[in-house]
$ cat model16.cif   # mmCIF, C-alpha atoms
data_model
loop_
_atom_site.label_atom_id
_atom_site.label_comp_id
_atom_site.auth_asym_id
_atom_site.auth_seq_id
_atom_site.Cartn_x
_atom_site.Cartn_y
_atom_site.Cartn_z
CA GLU E 1 -6.99 5.24 28.11
CA ASP E 2 -6.55 6.48 24.53
CA PRO E 3 -8.91 9.28 23.44
CA TYR E 4 -11.30 8.90 20.49
CA ILE E 5 -9.87 10.51 17.37
CA ASP E 6 -12.57 11.35 14.84
CA GLY E 7 -10.54 13.33 12.33
CA LEU E 8 -7.30 15.11 11.44
CA GLU E 9 -8.09 18.12 13.64
CA ASP E 10 -8.67 15.85 16.65
CA ALA E 11 -5.37 14.07 16.05
CA LYS E 12 -3.45 17.36 15.74
CA ALA E 13 -5.15 18.78 18.84
CA TYR E 14 -4.29 15.75 21.00
CA LEU E 15 -0.70 15.76 19.74
CA HIS E 16 -0.39 19.49 20.46
CA ASP E 17 -1.81 19.00 23.96
CA HIS E 18 0.53 16.10 24.66
CA GLU E 19 3.58 18.02 23.45
CA GLY E 20 2.71 21.36 25.05
CA ASP E 21 1.14 20.19 28.27
CA SER E 22 1.93 18.08 30.77
CA VAL E 23 3.68 14.87 30.86
CA LEU E 24 6.44 15.43 28.29
CA LYS E 25 7.17 18.93 29.55
CA ARG E 26 7.01 17.98 33.23
CA LEU E 27 9.20 14.93 32.67
CA GLU E 28 11.79 17.06 30.90
CA THR E 29 11.67 19.67 33.69
CA GLU E 30 11.89 17.09 36.47
CA ARG E 31 14.55 14.96 34.76
CA PRO E 32 17.63 16.57 36.42
CA LYS E 33 16.06 16.42 39.90
CA ILE E 34 14.86 12.81 39.53
CA GLN E 35 18.21 11.69 38.13
CA ALA E 36 20.03 13.45 40.99
CA ASP E 37 17.78 11.73 43.57
CA ILE E 38 18.37 8.34 41.96
CA GLU E 39 22.15 8.84 41.85
CA ALA E 40 22.14 10.03 45.47
CA GLY E 41 20.13 6.96 46.47
CA LYS E 42 22.52 4.65 44.61
CA ARG E 43 25.49 6.20 46.43
CA LEU E 44 23.65 5.73 49.73
CA GLN E 45 22.99 2.07 48.88
CA LYS E 46 26.75 1.47 48.97
CA ASP E 47 26.79 2.41 52.65
CA ARG E 48 26.57 -0.81 54.70
CA ASN E 49 24.68 1.02 57.41
CA ALA E 50 21.97 2.31 55.03
CA PRO E 51 18.49 1.07 55.99
CA ALA E 52 16.92 -1.62 53.74
CA PHE E 53 14.08 0.63 52.57
CA VAL E 54 16.59 2.94 50.82
CA SER E 55 17.46 0.28 48.25
CA LYS E 56 13.79 -0.55 47.67
CA THR E 57 12.82 3.14 47.37
CA VAL E 58 15.63 3.91 44.91
CA ASP E 59 14.79 0.91 42.74
CA GLU E 60 11.10 1.80 42.74
CA LEU E 61 11.81 5.44 41.88
CA ASP E 62 14.11 4.37 39.04
CA ARG E 63 11.54 1.90 37.71
CA LYS E 64 8.64 4.38 37.90
CA TRP E 65 10.70 7.09 36.23
CA LYS E 66 11.67 4.84 33.32
CA ASP E 67 8.14 3.45 33.03
CA THR E 68 6.48 6.89 33.00
CA ASN E 69 9.05 8.20 30.53
CA GLU E 70 8.57 5.22 28.21
CA LYS E 71 4.76 5.48 28.31
CA ALA E 72 4.90 9.20 27.52
CA LYS E 73 7.20 8.56 24.54
CA GLN E 74 5.00 5.73 23.26
CA LYS E 75 1.91 7.91 23.48
CA HIS E 76 3.73 10.70 21.65
CA GLU E 77 4.77 8.35 18.82
CA LYS E 78 1.25 6.90 18.64
CA LEU E 79 -0.31 10.37 18.32
CA LYS E 80 2.25 11.37 15.64
CA GLN E 81 1.40 8.19 13.73
CA LYS E 82 -2.32 8.93 14.00
CA VAL E 83 -1.79 12.46 12.61
CA LYS E 84 0.19 10.95 9.70
CA GLU E 85 -2.54 8.36 9.01
CA TRP E 86 -5.29 10.99 8.97
CA GLU E 87 -3.20 13.29 6.73
CA ASN E 88 -2.60 10.43 4.27
CA TYR E 89 -6.28 9.48 4.31
CA GLU E 90 -7.56 13.05 3.79
CA THR E 91 -5.00 13.71 1.02
CA SER E 92 -5.93 10.49 -0.80
CA LYS E 93 -9.65 11.20 -0.38
CA THR E 94 -9.29 14.72 -1.82
CA GLN E 95 -7.32 13.40 -4.82
CA CYS E 96 -9.89 10.62 -5.42
CA LEU E 97 -12.82 13.03 -5.31
CA GLN E 98 -11.07 15.46 -7.68
CA LEU E 99 -10.33 12.67 -10.19
CA LEU E 100 -13.90 11.35 -9.96
CA LYS E 101 -15.30 14.83 -10.52
CA LYS E 102 -13.03 15.28 -13.55
CA ALA E 103 -14.04 11.85 -14.93
CA GLU E 104 -17.75 12.56 -14.45
CA ALA E 105 -17.41 15.91 -16.23
CA GLU E 106 -15.57 14.18 -19.10
CA LEU E 107 -18.36 11.61 -19.43
CA GLU E 108 -20.99 14.35 -19.62
CA LYS E 109 -19.41 15.69 -22.83
CA PRO E 110 -21.04 14.44 -26.05
CA PRO E 111 -18.79 11.97 -27.93
CA ASN E 112 -16.88 13.15 -31.00
CA THR E 113 -18.44 11.01 -33.71
CA THR E 114 -18.43 13.51 -36.61
CA GLY E 115 -15.35 11.95 -38.16
CA GLN E 116 -12.93 9.05 -37.72
CA GLU E 117 -10.01 11.26 -36.67
CA LEU E 118 -12.05 13.04 -33.98
CA ALA E 119 -13.55 9.75 -32.78
CA GLU E 120 -10.08 8.18 -32.49
CA LYS E 121 -8.80 11.21 -30.58
CA ASP E 122 -11.77 10.96 -28.20
CA LEU E 123 -11.13 7.21 -27.81
CA GLN E 124 -7.49 7.79 -26.81
CA SER E 125 -8.57 10.44 -24.31
CA LYS E 126 -11.13 8.06 -22.78
CA LYS E 127 -8.56 5.23 -22.63
CA GLU E 128 -6.19 7.52 -20.74
CA LEU E 129 -9.01 8.28 -18.35
CA GLN E 130 -9.60 4.53 -17.96
CA ARG E 131 -5.93 3.99 -17.01
CA THR E 132 -6.22 6.78 -14.42
CA LEU E 133 -9.35 5.18 -12.94
CA ASN E 134 -7.63 1.78 -12.75
CA LYS E 135 -4.83 3.36 -10.71
CA LEU E 136 -7.48 5.02 -8.58
CA LYS E 137 -8.92 1.58 -7.75
CA ASP E 138 -5.57 0.61 -6.20
CA ASN E 139 -5.55 3.85 -4.21
CA ILE E 140 -9.06 3.16 -2.93
CA ASN E 141 -8.00 -0.33 -1.79
CA ASP E 142 -5.26 1.33 0.30
CA MET E 143 -7.75 3.91 1.54
CA GLN E 144 -10.17 1.19 2.64
CA LYS E 145 -7.45 -0.41 4.78
CA LEU E 146 -6.53 2.97 6.27
CA ASN E 147 -10.21 3.78 6.81
CA ALA E 148 -10.61 0.58 8.84
CA VAL E 149 -7.58 1.47 11.00
CA LEU E 150 -8.91 4.99 11.63
CA ALA E 151 -12.38 3.66 12.47
CA GLU E 152 -10.87 1.54 15.26
CA SER E 153 -9.77 4.63 17.20
CA ALA E 154 -12.81 6.76 16.30
CA SER E 155 -15.91 7.23 18.42
CA ARG E 156 -18.94 5.03 17.73
CA GLU E 157 -20.77 8.07 16.27
CA ARG E 158 -17.95 8.63 13.76
CA GLN E 159 -17.33 4.98 12.79
CA GLY E 160 -20.55 4.63 10.77
CA PRO E 161 -20.14 7.80 8.64
CA LEU E 162 -16.44 6.98 8.13
CA LYS E 163 -17.27 3.57 6.66
CA VAL E 164 -20.09 5.03 4.54
CA GLU E 165 -17.67 7.66 3.22
CA ILE E 166 -15.28 5.15 1.67
CA SER E 167 -18.16 2.96 0.50
CA ASP E 168 -19.73 5.90 -1.38
CA ILE E 169 -16.42 6.71 -3.09
CA ASP E 170 -16.05 3.07 -4.14
CA LYS E 171 -19.61 2.96 -5.56
CA ARG E 172 -19.04 6.24 -7.37
CA LEU E 173 -15.89 4.84 -8.97
CA ASP E 174 -17.74 1.69 -10.08
CA ASN E 175 -20.47 3.82 -11.63
CA VAL E 176 -17.97 6.01 -13.50
CA SER E 177 -16.03 2.95 -14.70
CA THR E 178 -19.23 1.30 -16.01
CA ARG E 179 -20.25 4.46 -17.88
CA LEU E 180 -16.74 4.88 -19.27
CA ASN E 181 -16.63 1.28 -20.55
CA ALA E 182 -19.94 1.87 -22.33
CA LYS E 183 -18.58 5.08 -23.93
CA LEU E 184 -15.45 3.23 -25.06
CA ALA E 185 -17.54 0.49 -26.65
CA ASP E 186 -19.66 3.11 -28.48
CA LEU E 187 -16.58 4.94 -29.74
CA GLU E 188 -14.95 1.73 -30.95
CA ALA E 189 -18.18 0.82 -32.79
CA THR E 190 -18.28 4.33 -34.31
CA ILE E 191 -14.66 4.08 -35.47
CA ALA E 192 -15.37 0.66 -36.99
CA LYS E 193 -18.27 2.20 -38.95
CA TRP E 194 -16.09 5.07 -40.18
CA THR E 195 -13.38 2.58 -41.18
CA GLU E 196 -15.94 0.54 -43.13
CA TYR E 197 -17.33 3.74 -44.70
CA TYR E 198 -13.87 4.88 -45.91
CA LYS E 199 -13.11 1.38 -47.15
CA ARG E 200 -16.27 1.37 -49.27
CA LEU E 201 -15.55 4.91 -50.45
CA ASN E 202 -12.05 3.92 -51.54
CA ASN E 203 -13.39 0.85 -53.34
CA PHE E 204 -15.96 3.04 -55.10
CA CYS E 205 -13.26 5.56 -56.09
CA GLU E 206 -11.09 2.75 -57.47
CA TRP E 207 -14.05 1.42 -59.42
CA LEU E 208 -14.72 4.88 -60.90
CA ASN E 209 -11.06 5.32 -61.84
CA LYS E 210 -11.13 1.98 -63.64
CA LYS E 211 -14.29 3.01 -65.50
CA GLU E 212 -12.71 6.31 -66.54
CA THR E 213 -9.56 4.61 -67.84
CA ASN E 214 -11.54 2.03 -69.86
#
$ encode --input "model16.cif" --output "structure tokens"
Amino acid sequence: EDPYIDGLEDAKAYLHDHEGDSVLKRLETERPKIQADIEAGKRLQKDRNAPAFVSKTVDELDRKWKDTNEKAKQKHEKLKQKVKEWENYETSKTQCLQLLKKAEAELEKPPNTTGQELAEKDLQSKKELQRTLNKLKDNINDMQKLNAVLAESASRERQGPLKVEISDIDKRLDNVSTRLNAKLADLEATIAKWTEYYKRLNNFCEWLNKKETN
């Protein structure tokens, strides 16, 4: 029966135990002896006077050896895969949380509305942040799939918190995206006002120049 794996440390520990302990090591140690016994049995099978149980015993030993060896290899590959899945999940989660923290800090800054140039610079910065968050949404979709796979092999006590974990990140991203969209709309409105202001100012300057030349 497969053990419950509740995190990266669990996965690494089980893999270490499987590699260092037991089955793999014992199989490797016993391989020459088992192979020699099987070969000896096969040679004995060729003897017409060999009792019937020899053939059955040799075949059974060969089958059990191959079966045990195959199961040990499959378990080893499965544990390596589980370590890789947990590493990918934890790496993605750390990157997501760092980006969300950076985005939240950016949104806490007061907008640059003291001039059109500063407002446009702030707008470009916020649009770049929006592109980053859109990519993050794709990453979270992949994380959700991986989260579901990891939950399948986790204990019942870990499954709930694991699902809540990804759900909280998703909600946090939605909240940041909503706030960012509002900031972008405000900045675009501010830039439109500055554009209108400079347009009127230019018109007024042109009107004054005409008056002066008349």
$ residues_around --input "model16.cif" --residues "range 86-103 of chain E" --least-positions-apart "6" --cutoff "12 Å" --atoms "only C-alpha atoms" --output "short mmCIF file (atom, residue, chain, number, x, y, z; two decimals) with C-alpha atoms, in the coordinates of the input"
data_model
loop_
_atom_site.label_atom_id
_atom_site.label_comp_id
_atom_site.auth_asym_id
_atom_site.auth_seq_id
_atom_site.Cartn_x
_atom_site.Cartn_y
_atom_site.Cartn_z
CA ILE E 5 -9.87 10.51 17.37
CA ASP E 6 -12.57 11.35 14.84
CA GLY E 7 -10.54 13.33 12.33
CA LEU E 8 -7.30 15.11 11.44
CA GLU E 9 -8.09 18.12 13.64
CA ASP E 10 -8.67 15.85 16.65
CA ALA E 11 -5.37 14.07 16.05
CA LYS E 12 -3.45 17.36 15.74
CA LEU E 79 -0.31 10.37 18.32
CA LYS E 80 2.25 11.37 15.64
CA LYS E 109 -19.41 15.69 -22.83
CA SER E 125 -8.57 10.44 -24.31
CA LYS E 126 -11.13 8.06 -22.78
CA LYS E 127 -8.56 5.23 -22.63
CA GLU E 128 -6.19 7.52 -20.74
CA LEU E 129 -9.01 8.28 -18.35
CA GLN E 130 -9.60 4.53 -17.96
CA ARG E 131 -5.93 3.99 -17.01
CA THR E 132 -6.22 6.78 -14.42
CA LEU E 133 -9.35 5.18 -12.94
CA ASN E 134 -7.63 1.78 -12.75
CA LYS E 135 -4.83 3.36 -10.71
CA LEU E 136 -7.48 5.02 -8.58
CA LYS E 137 -8.92 1.58 -7.75
CA ASP E 138 -5.57 0.61 -6.20
CA ASN E 139 -5.55 3.85 -4.21
CA ILE E 140 -9.06 3.16 -2.93
CA ASN E 141 -8.00 -0.33 -1.79
CA ASP E 142 -5.26 1.33 0.30
CA MET E 143 -7.75 3.91 1.54
CA GLN E 144 -10.17 1.19 2.64
CA LYS E 145 -7.45 -0.41 4.78
CA LEU E 146 -6.53 2.97 6.27
CA ASN E 147 -10.21 3.78 6.81
CA ALA E 148 -10.61 0.58 8.84
CA VAL E 149 -7.58 1.47 11.00
CA LEU E 150 -8.91 4.99 11.63
CA ALA E 151 -12.38 3.66 12.47
CA SER E 153 -9.77 4.63 17.20
CA ALA E 154 -12.81 6.76 16.30
CA LEU E 162 -16.44 6.98 8.13
CA GLU E 165 -17.67 7.66 3.22
CA ILE E 166 -15.28 5.15 1.67
CA SER E 167 -18.16 2.96 0.50
CA ASP E 168 -19.73 5.90 -1.38
CA ILE E 169 -16.42 6.71 -3.09
CA ASP E 170 -16.05 3.07 -4.14
CA LYS E 171 -19.61 2.96 -5.56
CA ARG E 172 -19.04 6.24 -7.37
CA LEU E 173 -15.89 4.84 -8.97
CA ASP E 174 -17.74 1.69 -10.08
CA ASN E 175 -20.47 3.82 -11.63
CA VAL E 176 -17.97 6.01 -13.50
CA SER E 177 -16.03 2.95 -14.70
CA THR E 178 -19.23 1.30 -16.01
CA ARG E 179 -20.25 4.46 -17.88
CA LEU E 180 -16.74 4.88 -19.27
#
$ atom_distance --input "model16.cif" --atom1 "CA of Glu104 in chain E" --atom2 "CA of Val164 in chain E"
20.6 Å
$ closest_residue --input "model16.cif" --among "E:Gln74, E:Gln159, E:Gln35, E:Gln116" --to "Leu61 in chain E" --atoms "only C-alpha atoms"
E:Gln35
$ residues_around --input "model16.cif" --residues "His76 in chain E" --least-positions-apart "6" --cutoff "10 Å" --atoms "all atoms listed in the file" --output "ChimeraX atom specification"
/E:14-16,18-19,24,70,82
$ residues_around --input "model16.cif" --residues "Pro110 in chain E" --least-positions-apart "2" --cutoff "12 Å" --atoms "all atoms listed in the file" --output "list in words"
Ala105, Glu106, Leu107, Glu108, Asn112, Thr113, Thr114, Ala119, Asp122, Lys183, Asp186 and Leu187 of chain E
$ axis_aligned_box --input "model16.cif" --around "range 135-145 of chain E" --padding-each-side "5 Å" --output "lines of an AutoDock Vina configuration file"
center_x = -7.5
center_y = 2.3
center_z = -3.0
size_x = 15.3
size_y = 15.4
size_z = 25.5
$ closest_residue --input "model16.cif" --among "E:Glu39, E:Gly115, E:Asp62, E:Thr68" --to "Tyr198 in chain E" --atoms "all atoms listed in the file"
E:Gly115
$ closest_residue --input "model16.cif" --among "E:Tyr4, E:Lys210, E:Lys42, E:Glu120" --to "Arg158 in chain E" --atoms "only C-alpha atoms"
E:Tyr4
$ atom_distance --input "model16.cif" --atom1 "CA of Pro3 in chain E" --atom2 "CA of Glu30 in chain E"
25.8 Å
$ build_atoms --input "model16.cif" --residues "range 185-196 of chain E" --atoms "all heavy atoms" --output "PDB file, in the frame of the given file"
ATOM      1  N   ALA E 185     -16.936   1.446 -25.707  1.00  0.00           N
ATOM      2  CA  ALA E 185     -17.540   0.490 -26.650  1.00  0.00           C
ATOM      3  C   ALA E 185     -18.249   1.217 -27.786  1.00  0.00           C
ATOM      4  O   ALA E 185     -18.132   0.836 -28.964  1.00  0.00           O
ATOM      5  CB  ALA E 185     -18.525  -0.416 -25.912  1.00  0.00           C
ATOM      6  N   ASP E 186     -18.963   2.308 -27.456  1.00  0.00           N
ATOM      7  CA  ASP E 186     -19.660   3.110 -28.480  1.00  0.00           C
ATOM      8  C   ASP E 186     -18.672   3.747 -29.441  1.00  0.00           C
ATOM      9  O   ASP E 186     -18.898   3.758 -30.663  1.00  0.00           O
ATOM     10  CB  ASP E 186     -20.503   4.211 -27.807  1.00  0.00           C
ATOM     11  CG  ASP E 186     -21.738   3.649 -27.109  1.00  0.00           C
ATOM     12  OD1 ASP E 186     -22.097   2.486 -27.381  1.00  0.00           O
ATOM     13  OD2 ASP E 186     -22.341   4.377 -26.294  1.00  0.00           O
ATOM     14  N   LEU E 187     -17.588   4.290 -28.890  1.00  0.00           N
ATOM     15  CA  LEU E 187     -16.580   4.940 -29.740  1.00  0.00           C
ATOM     16  C   LEU E 187     -15.899   3.936 -30.652  1.00  0.00           C
ATOM     17  O   LEU E 187     -15.648   4.229 -31.836  1.00  0.00           O
ATOM     18  CB  LEU E 187     -15.540   5.652 -28.869  1.00  0.00           C
ATOM     19  CG  LEU E 187     -15.948   7.026 -28.319  1.00  0.00           C
ATOM     20  CD1 LEU E 187     -14.983   7.471 -27.230  1.00  0.00           C
ATOM     21  CD2 LEU E 187     -15.993   8.072 -29.439  1.00  0.00           C
ATOM     22  N   GLU E 188     -15.586   2.760 -30.124  1.00  0.00           N
ATOM     23  CA  GLU E 188     -14.950   1.730 -30.950  1.00  0.00           C
ATOM     24  C   GLU E 188     -15.882   1.275 -32.072  1.00  0.00           C
ATOM     25  O   GLU E 188     -15.437   1.032 -33.203  1.00  0.00           O
ATOM     26  CB  GLU E 188     -14.528   0.545 -30.071  1.00  0.00           C
ATOM     27  CG  GLU E 188     -13.286   0.847 -29.237  1.00  0.00           C
ATOM     28  CD  GLU E 188     -13.014  -0.189 -28.160  1.00  0.00           C
ATOM     29  OE1 GLU E 188     -13.895  -1.036 -27.914  1.00  0.00           O
ATOM     30  OE2 GLU E 188     -11.916  -0.150 -27.568  1.00  0.00           O
ATOM     31  N   ALA E 189     -17.184   1.196 -31.766  1.00  0.00           N
ATOM     32  CA  ALA E 189     -18.180   0.820 -32.790  1.00  0.00           C
ATOM     33  C   ALA E 189     -18.272   1.923 -33.854  1.00  0.00           C
ATOM     34  O   ALA E 189     -18.373   1.635 -35.059  1.00  0.00           O
ATOM     35  CB  ALA E 189     -19.543   0.599 -32.136  1.00  0.00           C
ATOM     36  N   THR E 190     -18.221   3.187 -33.380  1.00  0.00           N
ATOM     37  CA  THR E 190     -18.280   4.330 -34.310  1.00  0.00           C
ATOM     38  C   THR E 190     -17.072   4.342 -35.234  1.00  0.00           C
ATOM     39  O   THR E 190     -17.199   4.554 -36.453  1.00  0.00           O
ATOM     40  CB  THR E 190     -18.339   5.655 -33.515  1.00  0.00           C
ATOM     41  OG1 THR E 190     -19.533   5.679 -32.737  1.00  0.00           O
ATOM     42  CG2 THR E 190     -18.335   6.852 -34.452  1.00  0.00           C
ATOM     43  N   ILE E 191     -15.894   4.091 -34.676  1.00  0.00           N
ATOM     44  CA  ILE E 191     -14.660   4.080 -35.470  1.00  0.00           C
ATOM     45  C   ILE E 191     -14.706   2.929 -36.488  1.00  0.00           C
ATOM     46  O   ILE E 191     -14.275   3.088 -37.644  1.00  0.00           O
ATOM     47  CB  ILE E 191     -13.425   3.960 -34.547  1.00  0.00           C
ATOM     48  CG1 ILE E 191     -13.247   5.251 -33.761  1.00  0.00           C
ATOM     49  CG2 ILE E 191     -12.170   3.637 -35.339  1.00  0.00           C
ATOM     50  CD1 ILE E 191     -12.250   5.163 -32.617  1.00  0.00           C
ATOM     51  N   ALA E 192     -15.231   1.802 -36.070  1.00  0.00           N
ATOM     52  CA  ALA E 192     -15.370   0.660 -36.990  1.00  0.00           C
ATOM     53  C   ALA E 192     -16.277   1.023 -38.165  1.00  0.00           C
ATOM     54  O   ALA E 192     -16.005   0.652 -39.317  1.00  0.00           O
ATOM     55  CB  ALA E 192     -15.922  -0.539 -36.236  1.00  0.00           C
ATOM     56  N   LYS E 193     -17.349   1.775 -37.885  1.00  0.00           N
ATOM     57  CA  LYS E 193     -18.270   2.200 -38.950  1.00  0.00           C
ATOM     58  C   LYS E 193     -17.587   3.175 -39.900  1.00  0.00           C
ATOM     59  O   LYS E 193     -17.759   3.089 -41.125  1.00  0.00           O
ATOM     60  CB  LYS E 193     -19.520   2.855 -38.341  1.00  0.00           C
ATOM     61  CG  LYS E 193     -20.471   1.867 -37.682  1.00  0.00           C
ATOM     62  CD  LYS E 193     -21.649   2.583 -37.032  1.00  0.00           C
ATOM     63  CE  LYS E 193     -22.555   1.607 -36.302  1.00  0.00           C
ATOM     64  NZ  LYS E 193     -23.659   2.291 -35.595  1.00  0.00           N
ATOM     65  N   TRP E 194     -16.817   4.130 -39.324  1.00  0.00           N
ATOM     66  CA  TRP E 194     -16.090   5.070 -40.180  1.00  0.00           C
ATOM     67  C   TRP E 194     -15.047   4.339 -41.026  1.00  0.00           C
ATOM     68  O   TRP E 194     -14.864   4.663 -42.208  1.00  0.00           O
ATOM     69  CB  TRP E 194     -15.387   6.130 -39.313  1.00  0.00           C
ATOM     70  CG  TRP E 194     -16.285   7.274 -38.923  1.00  0.00           C
ATOM     71  CD1 TRP E 194     -16.774   7.559 -37.691  1.00  0.00           C
ATOM     72  CD2 TRP E 194     -16.794   8.292 -39.801  1.00  0.00           C
ATOM     73  NE1 TRP E 194     -17.576   8.672 -37.737  1.00  0.00           N
ATOM     74  CE2 TRP E 194     -17.595   9.153 -39.032  1.00  0.00           C
ATOM     75  CE3 TRP E 194     -16.666   8.553 -41.159  1.00  0.00           C
ATOM     76  CZ2 TRP E 194     -18.260  10.255 -39.552  1.00  0.00           C
ATOM     77  CZ3 TRP E 194     -17.327   9.666 -41.699  1.00  0.00           C
ATOM     78  CH2 TRP E 194     -18.109  10.493 -40.908  1.00  0.00           C
ATOM     79  N   THR E 195     -14.385   3.361 -40.449  1.00  0.00           N
ATOM     80  CA  THR E 195     -13.380   2.580 -41.180  1.00  0.00           C
ATOM     81  C   THR E 195     -14.039   1.844 -42.352  1.00  0.00           C
ATOM     82  O   THR E 195     -13.515   1.833 -43.476  1.00  0.00           O
ATOM     83  CB  THR E 195     -12.695   1.561 -40.239  1.00  0.00           C
ATOM     84  OG1 THR E 195     -12.088   2.268 -39.151  1.00  0.00           O
ATOM     85  CG2 THR E 195     -11.631   0.762 -40.975  1.00  0.00           C
ATOM     86  N   GLU E 196     -15.193   1.249 -42.084  1.00  0.00           N
ATOM     87  CA  GLU E 196     -15.940   0.540 -43.130  1.00  0.00           C
ATOM     88  C   GLU E 196     -16.409   1.510 -44.214  1.00  0.00           C
ATOM     89  O   GLU E 196     -16.353   1.201 -45.408  1.00  0.00           O
ATOM     90  CB  GLU E 196     -17.138  -0.181 -42.486  1.00  0.00           C
ATOM     91  CG  GLU E 196     -17.978  -0.983 -43.463  1.00  0.00           C
ATOM     92  CD  GLU E 196     -17.205  -2.102 -44.155  1.00  0.00           C
ATOM     93  OE1 GLU E 196     -16.211  -2.593 -43.578  1.00  0.00           O
ATOM     94  OE2 GLU E 196     -17.605  -2.462 -45.283  1.00  0.00           O
TER      95      GLU E 196
END
